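Coordinates from input_2.cif are shown below (mmCIF, C-alpha atoms and all ligand atoms).
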```
data_start
loop_
_atom_site.label_atom_id
_atom_site.label_comp_id
_atom_site.auth_asym_id
_atom_site.auth_seq_id
_atom_site.Cartn_x
_atom_site.Cartn_y
_atom_site.Cartn_z
CA LEU A 1 44.45 -61.06 82.54
CA TYR A 2 42.49 -60.35 85.67
CA ILE A 3 43.60 -57.67 88.10
CA PHE A 4 40.41 -57.82 90.05
CA PRO A 5 38.46 -60.86 91.11
CA GLU A 6 35.18 -61.48 89.36
CA ALA A 7 32.54 -59.21 90.81
CA GLU A 8 30.95 -62.01 92.87
CA ILE A 9 34.20 -63.00 94.44
CA TRP A 10 35.04 -59.43 95.22
CA SER A 11 31.66 -58.85 96.81
CA GLU A 12 32.60 -61.45 99.37
CA GLY A 13 35.21 -58.87 100.21
CA THR A 14 37.94 -60.99 101.70
CA TYR A 15 41.23 -59.18 102.04
CA MET A 16 43.05 -62.28 100.81
CA SER A 17 41.41 -62.26 97.42
CA ALA A 18 42.06 -58.53 97.10
CA LYS A 19 45.67 -58.99 98.10
CA PHE A 20 46.27 -61.57 95.43
CA ASP A 21 45.08 -59.11 92.80
CA ILE A 22 47.14 -56.27 94.19
CA PHE A 23 50.06 -58.58 93.61
CA ASN A 24 49.13 -58.79 89.92
CA PHE A 25 48.76 -55.05 89.73
CA ILE A 26 52.17 -54.41 91.24
CA SER A 27 53.93 -56.94 89.05
CA LEU A 28 52.41 -55.31 85.97
CA LEU A 29 53.70 -51.91 87.09
CA LYS A 30 57.10 -53.43 87.81
CA SER A 31 57.23 -55.05 84.38
CA VAL A 32 57.08 -51.55 82.87
CA LEU A 33 59.25 -49.73 85.40
CA LYS A 34 62.14 -52.21 85.49
CA GLU A 35 63.55 -50.38 88.51
CA ASP A 36 63.94 -51.55 92.04
CA GLY A 37 63.73 -49.43 95.13
CA LYS A 38 61.69 -46.29 95.57
CA ILE A 39 60.04 -44.92 92.45
CA PRO A 40 58.71 -41.39 92.83
CA LEU A 41 55.64 -40.17 90.94
CA HIS A 42 57.60 -37.56 89.01
CA GLU A 43 61.22 -36.56 89.37
CA PRO A 44 63.13 -33.91 87.44
CA LEU A 45 66.05 -34.92 85.23
CA PHE A 46 69.15 -32.72 85.03
CA ALA A 47 71.14 -34.11 82.13
CA GLY A 48 72.05 -30.97 80.20
CA LYS A 49 73.78 -27.67 80.88
CA GLU A 50 72.08 -27.00 84.24
CA TRP A 51 75.35 -26.80 86.21
CA LYS A 52 77.02 -24.63 83.60
CA TYR A 53 74.23 -22.03 83.37
CA VAL A 54 73.54 -21.87 87.12
CA LYS A 55 77.27 -21.57 87.83
CA ASP A 56 77.42 -18.72 85.34
CA CYS A 57 74.80 -16.87 87.41
CA LEU A 58 76.85 -17.37 90.57
CA ASP A 59 80.13 -16.45 88.89
CA THR A 60 78.75 -13.23 87.44
CA GLY A 61 76.55 -12.31 90.41
CA TRP A 62 73.43 -12.14 88.22
CA VAL A 63 71.16 -14.32 90.34
CA SER A 64 68.14 -12.12 90.85
CA SER A 65 65.55 -10.17 88.93
CA ALA A 66 67.76 -9.05 86.06
CA GLY A 67 70.12 -10.96 83.79
CA LYS A 68 70.30 -12.55 80.37
CA TYR A 69 68.74 -15.92 81.19
CA VAL A 70 65.25 -14.55 81.80
CA ASN A 71 65.05 -13.07 78.31
CA GLU A 72 66.67 -16.14 76.82
CA PHE A 73 64.24 -18.47 78.59
CA ASP A 74 61.27 -16.42 77.35
CA PHE A 75 62.71 -16.51 73.84
CA LYS A 76 63.16 -20.29 73.97
CA LEU A 77 59.59 -20.73 75.22
CA GLU A 78 58.25 -18.55 72.41
CA GLN A 79 60.20 -20.57 69.86
CA TYR A 80 59.14 -23.88 71.32
CA THR A 81 55.43 -23.12 71.66
CA GLY A 82 55.07 -20.88 68.63
CA ILE A 83 53.28 -18.38 70.87
CA LYS A 84 54.39 -14.79 70.31
CA HIS A 85 55.04 -13.73 73.89
CA SER A 86 56.26 -15.52 76.99
CA ILE A 87 56.60 -13.68 80.29
CA ALA A 88 58.45 -15.75 82.88
CA VAL A 89 57.19 -15.41 86.47
CA VAL A 90 57.79 -16.87 89.94
CA ASN A 91 55.33 -19.75 89.60
CA GLY A 92 52.35 -21.07 87.68
CA THR A 93 49.85 -19.75 90.20
CA ALA A 94 51.19 -16.19 89.78
CA ALA A 95 50.97 -16.66 86.00
CA LEU A 96 47.29 -17.65 86.31
CA HIS A 97 46.63 -14.69 88.59
CA ILE A 98 48.03 -12.24 86.03
CA CYS A 99 46.18 -13.96 83.15
CA LEU A 100 42.87 -13.46 84.96
CA LYS A 101 43.69 -9.84 85.92
CA LEU A 102 44.50 -9.01 82.31
CA ALA A 103 41.34 -10.71 81.09
CA GLY A 104 39.54 -8.11 83.20
CA VAL A 105 38.37 -10.40 85.99
CA ARG A 106 37.33 -8.17 88.88
CA GLN A 107 35.69 -8.16 92.29
CA GLY A 108 32.33 -9.92 92.19
CA ASP A 109 32.76 -11.57 88.77
CA GLU A 110 32.38 -15.29 88.22
CA VAL A 111 34.91 -17.46 86.40
CA LEU A 112 34.07 -20.97 85.15
CA VAL A 113 36.57 -23.47 86.55
CA PRO A 114 36.66 -27.27 86.15
CA ALA A 115 35.80 -29.06 89.40
CA LEU A 116 38.67 -31.47 88.80
CA THR A 117 41.84 -29.42 88.97
CA PHE A 118 44.72 -28.45 91.22
CA VAL A 119 43.60 -25.91 93.81
CA ALA A 120 45.71 -23.10 92.28
CA THR A 121 43.22 -22.75 89.39
CA ALA A 122 40.42 -21.77 91.77
CA ASN A 123 42.68 -19.82 94.13
CA ALA A 124 43.85 -17.52 91.31
CA VAL A 125 40.21 -16.59 90.67
CA VAL A 126 39.75 -15.63 94.31
CA TYR A 127 42.98 -13.58 94.28
CA CYS A 128 41.10 -11.32 91.82
CA GLY A 129 38.16 -11.02 94.21
CA ALA A 130 36.08 -13.17 91.86
CA ILE A 131 34.05 -16.33 92.48
CA PRO A 132 34.90 -19.71 90.94
CA HIS A 133 31.87 -21.37 89.34
CA PHE A 134 32.54 -25.08 88.98
CA ILE A 135 31.86 -26.96 85.77
CA ASP A 136 31.99 -30.60 84.76
CA ILE A 137 34.58 -32.49 82.74
CA GLU A 138 34.32 -35.11 80.01
CA VAL A 139 35.62 -38.66 79.87
CA LYS A 140 37.72 -38.32 76.71
CA SER A 141 39.96 -35.46 77.97
CA LEU A 142 39.41 -35.32 81.76
CA GLY A 143 38.94 -31.58 81.11
CA VAL A 144 36.06 -29.15 80.50
CA ASP A 145 33.13 -30.60 78.53
CA PRO A 146 32.20 -27.91 75.96
CA VAL A 147 28.84 -29.45 75.06
CA LYS A 148 27.68 -29.82 78.63
CA LEU A 149 28.88 -26.28 79.34
CA TYR A 150 26.94 -24.92 76.38
CA ASP A 151 23.72 -26.60 77.51
CA TYR A 152 24.26 -25.28 81.01
CA LEU A 153 24.88 -21.71 79.87
CA LYS A 154 21.73 -21.83 77.73
CA GLU A 155 19.88 -22.46 80.95
CA ILE A 156 21.58 -20.15 83.44
CA ALA A 157 23.21 -17.34 81.44
CA VAL A 158 21.93 -14.23 79.72
CA ILE A 159 23.84 -11.73 77.62
CA LYS A 160 23.27 -8.01 78.17
CA ASN A 161 25.39 -5.34 76.45
CA ASP A 162 27.85 -8.01 75.37
CA ILE A 163 28.36 -9.17 78.95
CA CYS A 164 27.40 -12.63 80.09
CA PHE A 165 25.44 -12.69 83.36
CA ASN A 166 24.54 -15.56 85.63
CA LYS A 167 20.73 -15.22 85.84
CA GLN A 168 20.69 -16.85 89.25
CA THR A 169 23.32 -14.66 90.95
CA MET A 170 23.16 -11.62 88.61
CA ARG A 171 26.97 -11.57 88.58
CA PRO A 172 28.95 -11.23 85.34
CA ILE A 173 30.60 -14.42 84.12
CA LYS A 174 33.90 -13.24 82.65
CA ALA A 175 35.96 -16.20 81.61
CA VAL A 176 36.42 -19.97 81.37
CA ILE A 177 39.60 -21.66 82.48
CA ALA A 178 40.48 -24.74 80.43
CA MET A 179 42.87 -26.89 82.43
CA HIS A 180 44.67 -29.60 80.43
CA THR A 181 44.56 -32.44 82.94
CA PHE A 182 47.79 -34.43 83.28
CA GLY A 183 48.89 -32.87 79.98
CA HIS A 184 45.87 -34.00 77.89
CA PRO A 185 44.37 -31.12 75.91
CA VAL A 186 40.79 -30.01 76.43
CA ASP A 187 38.65 -30.07 73.25
CA LEU A 188 39.46 -26.43 72.52
CA GLU A 189 37.68 -25.69 69.23
CA PRO A 190 34.14 -26.38 70.45
CA LEU A 191 35.02 -24.65 73.72
CA LEU A 192 36.10 -21.54 71.79
CA GLU A 193 32.72 -21.55 70.03
CA VAL A 194 30.95 -21.59 73.38
CA CYS A 195 33.17 -18.74 74.56
CA LYS A 196 32.37 -16.71 71.47
CA LYS A 197 28.66 -17.28 71.83
CA TYR A 198 28.66 -16.30 75.51
CA LYS A 199 31.26 -13.49 75.33
CA LEU A 200 33.66 -15.30 77.63
CA ASP A 201 37.44 -15.07 77.56
CA LEU A 202 39.25 -18.38 77.32
CA ILE A 203 42.18 -18.72 79.72
CA GLU A 204 44.23 -21.90 79.47
CA ASP A 205 45.73 -23.40 82.59
CA ALA A 206 48.46 -25.25 80.70
CA ALA A 207 50.53 -25.74 83.87
CA GLU A 208 50.82 -29.45 83.11
CA ALA A 209 50.79 -29.25 79.34
CA LEU A 210 54.03 -27.78 78.00
CA GLY A 211 54.75 -29.92 74.95
CA SER A 212 51.10 -30.88 74.32
CA TYR A 213 49.35 -30.09 71.07
CA TYR A 214 45.73 -29.63 70.10
CA LYS A 215 45.34 -30.28 66.36
CA ASN A 216 49.02 -29.53 65.66
CA ARG A 217 49.06 -26.22 67.50
CA HIS A 218 50.68 -25.97 70.92
CA VAL A 219 48.20 -25.60 73.78
CA GLY A 220 48.23 -22.15 75.29
CA SER A 221 47.84 -20.60 71.84
CA TYR A 222 44.05 -20.93 71.83
CA GLY A 223 43.26 -18.90 74.94
CA ARG A 224 43.56 -15.13 75.11
CA LEU A 225 46.14 -15.73 77.83
CA SER A 226 47.63 -18.94 79.19
CA ALA A 227 49.70 -20.09 82.15
CA VAL A 228 52.39 -22.75 82.38
CA SER A 229 54.29 -24.00 85.43
CA PHE A 230 57.92 -25.05 85.96
CA ASN A 231 57.52 -26.41 89.46
CA GLY A 232 59.82 -29.29 90.41
CA ASN A 233 57.27 -31.94 89.40
CA LYS A 234 56.35 -30.49 86.00
CA ILE A 235 57.61 -31.45 82.55
CA ILE A 236 60.58 -29.08 82.84
CA THR A 237 61.56 -27.25 86.01
CA THR A 238 63.13 -23.98 87.08
CA GLY A 239 62.94 -24.99 90.74
CA GLY A 240 59.83 -22.86 91.06
CA GLY A 241 58.52 -20.88 88.13
CA GLY A 242 55.86 -20.24 85.57
CA ALA A 243 55.11 -18.22 82.47
CA ILE A 244 52.30 -16.22 80.96
CA LEU A 245 51.82 -16.98 77.26
CA THR A 246 49.88 -14.80 74.84
CA ASN A 247 49.78 -13.86 71.17
CA ASP A 248 48.47 -10.39 72.10
CA THR A 249 51.35 -7.88 72.12
CA GLU A 250 49.44 -5.28 74.14
CA LEU A 251 48.54 -7.81 76.84
CA ALA A 252 52.14 -9.03 76.94
CA LYS A 253 53.32 -5.48 77.58
CA MET A 254 50.80 -5.06 80.37
CA ALA A 255 51.81 -8.39 81.88
CA ARG A 256 55.48 -7.36 82.02
CA HIS A 257 54.52 -4.12 83.68
CA LEU A 258 52.26 -5.77 86.28
CA ILE A 259 54.84 -8.38 87.31
CA THR A 260 57.50 -5.68 87.74
CA THR A 261 55.57 -3.88 90.54
CA ALA A 262 54.06 -1.63 87.84
CA LYS A 263 57.24 0.41 87.91
CA VAL A 264 57.43 3.17 85.33
CA PRO A 265 60.75 2.79 83.47
CA HIS A 266 63.13 5.50 84.67
CA PRO A 267 66.91 5.61 85.28
CA TRP A 268 66.55 6.23 89.02
CA ALA A 269 63.08 7.27 90.20
CA PHE A 270 60.68 4.78 91.86
CA ILE A 271 57.36 5.58 90.33
CA HIS A 272 54.62 2.96 90.15
CA ASP A 273 51.42 3.71 88.29
CA GLN A 274 49.18 1.02 89.82
CA VAL A 275 49.20 -1.79 92.38
CA GLY A 276 51.62 -4.21 90.77
CA TYR A 277 53.18 -7.52 91.78
CA ASN A 278 56.68 -8.74 92.43
CA TYR A 279 56.28 -11.78 90.22
CA ARG A 280 59.36 -11.77 87.96
CA MET A 281 61.31 -14.99 87.61
CA PRO A 282 64.83 -14.64 89.07
CA ASN A 283 67.76 -15.12 86.68
CA ILE A 284 69.08 -18.19 88.51
CA ASN A 285 65.77 -19.99 88.00
CA ALA A 286 65.68 -18.96 84.35
CA ALA A 287 69.22 -20.36 83.91
CA LEU A 288 67.94 -23.74 85.06
CA GLY A 289 64.96 -23.32 82.71
CA CYS A 290 67.21 -22.63 79.70
CA ALA A 291 69.11 -25.86 80.32
CA GLN A 292 65.87 -27.77 80.82
CA ILE A 293 64.02 -26.58 77.73
CA GLU A 294 67.02 -27.55 75.60
CA GLN A 295 66.17 -31.15 76.55
CA ILE A 296 62.39 -31.02 76.24
CA ASP A 297 62.15 -33.02 73.00
CA ARG A 298 63.97 -35.89 74.65
CA PHE A 299 61.85 -35.64 77.82
CA ILE A 300 58.65 -35.82 75.83
CA ALA A 301 59.84 -38.64 73.58
CA ASN A 302 60.70 -40.61 76.73
CA LYS A 303 57.40 -39.83 78.40
CA ARG A 304 55.45 -40.89 75.35
CA ALA A 305 57.49 -44.09 75.17
CA LEU A 306 56.73 -44.78 78.83
CA ALA A 307 53.02 -44.16 78.24
CA GLU A 308 53.09 -46.61 75.35
CA LYS A 309 54.67 -49.26 77.58
CA TYR A 310 51.98 -48.76 80.21
CA ARG A 311 49.27 -48.85 77.54
CA LYS A 312 50.55 -52.18 76.24
CA ALA A 313 50.99 -53.66 79.71
CA PHE A 314 47.43 -52.80 80.73
CA SER A 315 45.74 -53.35 77.36
CA ASN A 316 44.31 -56.79 78.15
CA VAL A 317 43.60 -56.19 81.79
CA HIS A 318 40.08 -56.58 83.00
CA GLY A 319 38.86 -53.91 85.40
CA ILE A 320 41.27 -51.10 84.70
CA ARG A 321 42.37 -49.09 81.66
CA PHE A 322 45.28 -46.85 80.79
CA PHE A 323 44.16 -43.34 79.84
CA THR A 324 45.32 -42.35 76.33
CA GLU A 325 45.36 -38.98 74.60
CA PRO A 326 42.15 -37.78 72.91
CA GLU A 327 42.08 -38.37 69.13
CA TYR A 328 42.57 -34.66 68.32
CA ALA A 329 45.65 -34.31 70.53
CA ARG A 330 49.29 -35.11 70.94
CA SER A 331 49.89 -35.13 74.69
CA ASN A 332 53.04 -34.79 76.74
CA TYR A 333 51.76 -37.56 79.08
CA TRP A 334 52.92 -35.51 82.05
CA LEU A 335 51.29 -37.85 84.58
CA ASN A 336 50.32 -41.31 83.44
CA THR A 337 46.83 -42.28 84.46
CA LEU A 338 44.91 -45.46 85.10
CA ILE A 339 41.13 -45.45 85.38
CA ILE A 340 39.48 -48.19 87.36
CA ASP A 341 36.22 -49.59 85.99
CA GLU A 342 33.10 -48.41 87.75
CA GLU A 343 32.43 -51.81 89.33
CA TYR A 344 35.84 -51.99 91.00
CA LYS A 345 36.27 -48.41 92.14
CA GLU A 346 36.18 -49.41 95.82
CA MET A 347 39.55 -51.06 95.18
CA ARG A 348 41.32 -47.77 94.55
CA ASP A 349 42.49 -46.99 98.06
CA LEU A 350 43.84 -50.49 98.49
CA LEU A 351 45.79 -50.17 95.22
CA LEU A 352 47.14 -46.83 96.41
CA SER A 353 48.18 -48.01 99.85
CA GLU A 354 49.79 -51.26 98.67
CA THR A 355 51.81 -49.66 95.87
CA ASN A 356 53.04 -46.84 98.11
CA LYS A 357 53.95 -49.37 100.79
CA GLN A 358 56.15 -51.09 98.21
CA GLY A 359 57.86 -47.84 97.24
CA ILE A 360 55.98 -47.30 93.97
CA SER A 361 54.48 -43.83 94.26
CA THR A 362 50.89 -43.65 93.10
CA ARG A 363 48.33 -40.91 93.77
CA PRO A 364 44.61 -40.32 93.46
CA SER A 365 43.46 -37.25 91.55
CA TRP A 366 42.79 -34.05 93.49
CA GLU A 367 39.80 -33.70 95.77
CA LEU A 368 37.14 -31.89 93.70
CA MET A 369 37.17 -28.13 94.24
CA ASN A 370 33.52 -28.03 95.31
CA LYS A 371 34.35 -30.44 98.16
CA LEU A 372 36.99 -28.16 99.68
CA GLU A 373 35.89 -26.18 102.73
CA MET A 374 36.50 -22.74 101.22
CA TYR A 375 34.76 -23.57 97.93
CA LYS A 376 31.84 -25.70 99.05
CA ASP A 377 29.29 -22.89 98.66
CA CYS A 378 30.42 -21.70 95.23
CA PRO A 379 28.01 -21.99 92.31
CA ARG A 380 28.32 -25.15 90.24
CA MET A 381 26.61 -27.20 87.58
CA ASP A 382 25.87 -30.90 87.73
CA LEU A 383 29.31 -32.43 88.33
CA SER A 384 28.43 -36.09 87.90
CA ILE A 385 31.31 -36.98 85.56
CA ALA A 386 33.95 -35.26 87.72
CA GLU A 387 32.46 -36.88 90.81
CA ASN A 388 32.54 -40.28 89.20
CA LEU A 389 35.99 -40.07 87.57
CA GLY A 390 37.46 -38.42 90.65
CA GLN A 391 37.00 -41.71 92.48
CA ARG A 392 38.51 -43.88 89.77
CA ILE A 393 41.79 -42.19 88.81
CA ILE A 394 45.22 -43.43 89.82
CA ASN A 395 48.37 -41.63 88.70
CA ILE A 396 51.40 -43.86 88.31
CA PRO A 397 55.16 -43.12 88.11
CA SER A 398 55.86 -40.83 85.17
CA SER A 399 59.42 -39.44 85.33
CA ALA A 400 60.96 -39.00 81.89
CA TYR A 401 63.97 -41.23 82.66
CA LEU A 402 61.62 -44.22 83.17
CA GLY A 403 60.91 -44.21 79.44
CA GLU A 404 64.54 -44.33 78.27
C1 LIG B 1 51.17 -27.03 89.01
C2 LIG B 1 49.85 -26.46 88.67
C3 LIG B 1 49.55 -25.10 88.89
C4 LIG B 1 50.40 -24.15 89.66
O1 LIG B 1 51.69 -24.10 89.37
P1 LIG B 1 52.77 -23.67 90.48
O2 LIG B 1 53.97 -23.37 89.66
O3 LIG B 1 52.94 -24.83 91.39
O4 LIG B 1 52.25 -22.45 91.19
C5 LIG B 1 48.33 -24.63 88.45
N1 LIG B 1 47.43 -25.42 87.87
C6 LIG B 1 47.67 -26.72 87.67
C7 LIG B 1 46.63 -27.54 87.00
C8 LIG B 1 48.88 -27.30 88.09
O5 LIG B 1 49.08 -28.60 87.91
#
```
Would you give me this structure, written as structure tokens?
Amino acid sequence: LYIFPEAEIWSEGTYMSAKFDIFNFISLLKSVLKEDGKIPLHEPLFAGKEWKYVKDCLDTGWVSSAGKYVNEFDFKLEQYTGIKHSIAVVNGTAALHICLKLAGVRQGDEVLVPALTFVATANAVVYCGAIPHFIDIEVKSLGVDPVKLYDYLKEIAVIKNDICFNKQTMRPIKAVIAMHTFGHPVDLEPLLEVCKKYKLDLIEDAAEALGSYYKNRHVGSYGRLSAVSFNGNKIITTGGGGAILTNDTELAKMARHLITTAKVPHPWAFIHDQVGYNYRMPNINAALGCAQIEQIDRFIANKRALAEKYRKAFSNVHGIRFFTEPEYARSNYWLNTLIIDEEYKEMRDLLLSETNKQGISTRPSWELMNKLEMYKDCPRMDLSIAENLGQRIINIPSSAYLGE
């Protein structure tokens, strides 16, 4: 099955020949989606007790920063992930911010961040006054490449008094953020070895990866601290929301304190012992979250079924491949991903524009962080894999209900 014309034909570059192949591409997508009309990239599904729990908040007046649903949501997240502590917050970006703060990231430090990520990962570093230092990804996970990182650190880093320094900038390098792209886990064990060797904290940006496992353990349990997101487009939603996950009881306590404006518990007095944040998740959002997480097994089963349908549909297609989970992982397939072969990558924008014109939402991956105006002068390693893959990725409709 040929999506793209043979290279020679394509090099003639007629729009007609391209158009014919777009037609093939769209009919393949349609054969999986079996839906007519507009198909969004990722829509939430409210098929459980959402109305009941949210109504309960309204009926009782407990809509804001206190109420039973916040604790219950944290408890359900702890049970689901097997991670000891969950601290629900206003969004995933705030969760990342607190993770970095608690890992001791301070003014003038550097934090290693994958070049291919959503902008929040780098922004959270800057909220701490630190500098993102961009690192490359690998083909099998679309996330941090531990081997390439190790070779790079051997070259540019030095350890003094148990602190890793960038020899070129003389700034401390404090942490690595592993972002699990589209829900596919980074190769965490080798990455942890690199972290150990170079005295770096591992922070997981698991915003997209609730329900994904690395070697049978839920992601977010490998880093010292991890962040998840419950934005409207994520695997489950609270409207807006996020959570800090950690197995460290002391850090969990500090996280709760920091997100509650660092208020010292007292029956009436307003005493705050440091500059804190107003980052707690409101009860009404947590109510939605409780109803959503009760359905997560079904969401993930559907998403994995949808991924399997895409994989089959594209398995014999020349010029493009469906991205599947790395061999060590069980992924939530948050966003399904096609990767165009090197020789046809110029076709991507045409595929994007034609599918969107027909109401099938497709998206490219994010612009690389080092290309963004505010981050273009940040330190970085060779980013050849991110640069290459960044031009070849197409995300295709991934809502859970499409896999039913
Ligand atoms: C969604 C997302 C975030 C941020 O989450 P919000 O809840 O939108 O603040 C951070 N990192 C990644 C990789 C994300 O996809």
Selection as a ChimeraX atom specification: residues within 8 Å of ligand LIG 1 (chain B) by only C-alpha atoms and all ligand atoms: /A:90-96,117-121,179-182,205-208,227-231,233-234,240-242
Distance in Å - atom CA of A:Lys154 versus atom CA of A:Gln391: 29.1 Å
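In terms of minimum interatomic distance to A:Gly223, A:Ile177 ranks closest within A:Ile177, A:Ala255, A:Val275, A:Val194, counting all atoms listed in the file.
Using only C-alpha atoms for every distance, the candidate list A:Val158, A:Ile137, A:Cys290, A:Leu338 yields A:Leu338 as the residue closest to A:Ala313.
We find atom CA of A:Leu335 and atom CA of A:Ile244 to be spaced 22.0 Å apart.
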Selection near A:Glu155, 10 Å with all atoms listed in the file, sequence-local residues under 6 positions removed, as a ChimeraX atom specification: /A:149,166-167
Exercise: residues within 8 Å of coordinate (38.4, -27.4, 89.1), counting all atoms listed in the file, as a ChimeraX atom specification: /A:113-119,121-122,134-135,368-370
Counting all atoms listed in the file, the option among A:Ser226, A:Thr260, A:Gln107, A:Asn161 closest to A:Met281: A:Thr260
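Shortest separation to A:Ile339 among A:Asn283, A:Val139, A:Gly403, A:Gly183 occurs at residue A:Val139, atoms counted being all atoms listed in the file.
For the pair atom CA of A:Arg217 and atom CA of A:Glu193, the separation is 17.2 Å.
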Taking every listed atom of stretch 61-77 of chain A and adding 5 Å to each side, what centre and edge lengths in Å (one decimal) does the axis-aligned box have, as JSON?
```
{"center_x": 68.1, "center_y": -14.9, "center_z": 82.3, "size_x": 27.0, "size_y": 21.7, "size_z": 27.0}
```
Contacts of A:Glu35 at 12 Å (only C-alpha atoms; same-chain gap of 2+ positions) as a ChimeraX atom specification: /A:27,29-33,37-40,359-360,397,401-404
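Among A:Thr169, A:Asn247, A:Ser64, A:Thr324, the residue with the shortest atom-to-atom distance to A:Glu110, counting all atoms listed in the file, is A:Thr169.
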Residues within 8 Å of A:Ala329, only C-alpha atoms, excluding chain neighbours under 5 positions, as a VMD selection string: chain A and resid 184 to 185 212 to 216
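Near A:Leu251, within 12 Å and counting only C-alpha atoms, sit A:Lys84, A:His85, A:Ser86, A:Ile87, A:Ile98, A:Cys99, A:Leu100, A:Lys101, A:Leu102, A:Ala103, A:Gly104, A:Arg224, A:Leu225, A:Ser226, A:Ile244, A:Leu245, A:Thr246, A:Asn247, A:Asp248, A:Thr249, A:Lys253, A:Met254, A:Ala255, A:Arg256, A:His257, A:Leu258; same-chain residues fewer than 2 positions away were not included.
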